[in-house]
Structure formats: C-alpha cells, structure tokens
Amino acid sequence: MFRLLFVLMFSFCFASEFDLKHENHKRDMVNIYGNWIITNIEVDGNAVIFPREINGIRISVLEDRISGNAGCNNFMIGYTLQGTHITISENGAMTKKMCEPSVVSFENAFMGIFSRDFDIREDKFSKRVIWRNDSVVIYMVRDGR
C-alpha cells in the first residue's frame, strides 16, 4: 500500500513539474511570423546608424524563409527555428539594383550581421521583439501595413 501511495505521489509531482515547464516554455514563445520593421540594431553595444536614405528595414517572416528590403535591394534567406532560438542561414539571395553606394554598403553589412544565431524575446511593455546574441541586438516592431 505504501509503495502504491509513493508511486502515485511521485507521478503527480513529476507530471506537475512537467506541466509547469511546458507552460513556461509556451509563455516564452514569440510569434515571429508576419511583417516587421527593424527599428534599431546594436553591435557590441554600439548603435548602428542607418543611412538617411533608408526608412527602416522591413522583413517578412514566413514558415521557411525571411524576405525583406534593407534599403534598396530585396533579399531572401532561409532559417531554422527551435523554440525561441533562430538560426539565419549564411546563404541568402539579394537583388542587385543600382543604389546609392552608402545604401549598398549598409545592406551588405546588414546581411553579415543578420546571418547568425539569435535568441528571441518579446518586450510586452514596448511591444518590440528583440533578437539577441553575444554581439548583436536587433529590435523590431510589427509592421502595421
């Protein structure tokens, strides 16, 4: 009888702990799908200055790829998502329009910054989503268009 009671108590405690961890994981999940505007980027704690010709970087996160515009050219890049961790592929594609040299330089630098691993968090107070790794922080908001 004692063994049965012990097994039932142990099973209940384990199930409760599992449920609690599962609920915490679901609460940490961020819906990254949809259209976003990247408002700020920091590299090693320093703000990245966008060229004045750029009105923000727009991206669309689909189930199998991210597409967007980093100022002049359009880009498309693959990714994998595991929970709140995203890995952006190093192999993307970008159009090659005739653009201002400062914008082209910025776009190339952006793609180098963007093609990495990030942990994703949502700041519910500011309604921003933050992609962060050891050296880069990307802040974005939903595009209301």
# chains A, B, ... in the order shown; residues from 1 in each chain; ligands from 1
>>> closest_atom_pairs(of="region 36-58 of chain A", to="region 96-118 of chain A", cutoff="9 Å", atoms="only C-alpha atoms", output="tab-separated table")
residue	atom	partner	partner_atom	distance
A:Val43	CA	A:Ile113	CA	8.3
A:Phe50	CA	A:Phe106	CA	7.4
A:Pro51	CA	A:Val103	CA	6.4
A:Arg52	CA	A:Val103	CA	8.9
A:Glu53	CA	A:Val103	CA	7.2
A:Ile54	CA	A:Val103	CA	7.5
>>> write_last_selection(atoms="N, CA, C and O atoms", output="mmCIF file, in the first residue's frame")
data_model
loop_
_atom_site.group_PDB
_atom_site.id
_atom_site.type_symbol
_atom_site.label_atom_id
_atom_site.label_comp_id
_atom_site.auth_asym_id
_atom_site.auth_seq_id
_atom_site.Cartn_x
_atom_site.Cartn_y
_atom_site.Cartn_z
ATOM 1 N N VAL A 43 25.596 46.650 -32.321
ATOM 2 C CA VAL A 43 26.688 45.693 -32.485
ATOM 3 C C VAL A 43 27.723 46.023 -31.422
ATOM 4 O O VAL A 43 28.219 47.157 -31.361
ATOM 5 N N PHE A 50 21.643 53.985 -39.463
ATOM 6 C CA PHE A 50 21.107 53.693 -40.793
ATOM 7 C C PHE A 50 21.373 54.899 -41.692
ATOM 8 O O PHE A 50 21.225 56.040 -41.252
ATOM 9 N N PRO A 51 21.732 54.675 -42.953
ATOM 10 C CA PRO A 51 21.862 55.810 -43.882
ATOM 11 C C PRO A 51 20.541 56.572 -43.977
ATOM 12 O O PRO A 51 19.460 55.981 -43.864
ATOM 13 N N ARG A 52 20.606 57.866 -44.185
ATOM 14 C CA ARG A 52 19.388 58.680 -44.203
ATOM 15 C C ARG A 52 18.441 58.298 -45.335
ATOM 16 O O ARG A 52 17.249 58.580 -45.284
ATOM 17 N N GLU A 53 18.945 57.618 -46.357
ATOM 18 C CA GLU A 53 18.094 57.186 -47.476
ATOM 19 C C GLU A 53 17.187 56.010 -47.103
ATOM 20 O O GLU A 53 16.296 55.644 -47.861
ATOM 21 N N ILE A 54 17.422 55.410 -45.943
ATOM 22 C CA ILE A 54 16.671 54.218 -45.544
ATOM 23 C C ILE A 54 15.590 54.604 -44.540
ATOM 24 O O ILE A 54 15.868 55.249 -43.542
#
>>> residues_around(residues="Asp123 (chain A)", least_positions_apart="2", cutoff="12 Å", atoms="only C-alpha atoms", output="list in words")
Asp28, Met29, Val30, Ile120, Arg121, Phe125, Ser126, Lys127, Arg128, Val129, Ile130, Trp131, Tyr139, Met140 and Val141 of chain A
>>> select_by_dssp(residues="chain A", states="alpha helix (DSSP H)", output="ChimeraX atom specification")
/A:2-28,101-114
>>> residues_around(residues="Ala47 (chain A)", least_positions_apart="3", cutoff="12 Å", atoms="only C-alpha atoms", output="list in words")
Thr39, Asn40, Ile41, Glu42, Val43, Asp44, Phe50, Ser135, Val136, Val137, Ile138 and Tyr139 of chain A
>>> closest_residue(among="A:Ala93, A:Val61, A:Ile66, A:Ile37", to="Asp143 (chain A)", atoms="only C-alpha atoms")
A:Ile37
>>> select_by_dssp(residues="region 8-142 of chain A", states="strand (DSSP E or B)", output="ChimeraX atom specification")
/A:34-43,46-47,57-61,65-69,74-82,85-94,117-123,128-132,136-142
>>> residues_around(residues="Arg65 (chain A)", least_positions_apart="5", cutoff="7 Å", atoms="only C-alpha atoms", output="JSON, numbers by chain")
{"A": [76, 77, 78, 79]}
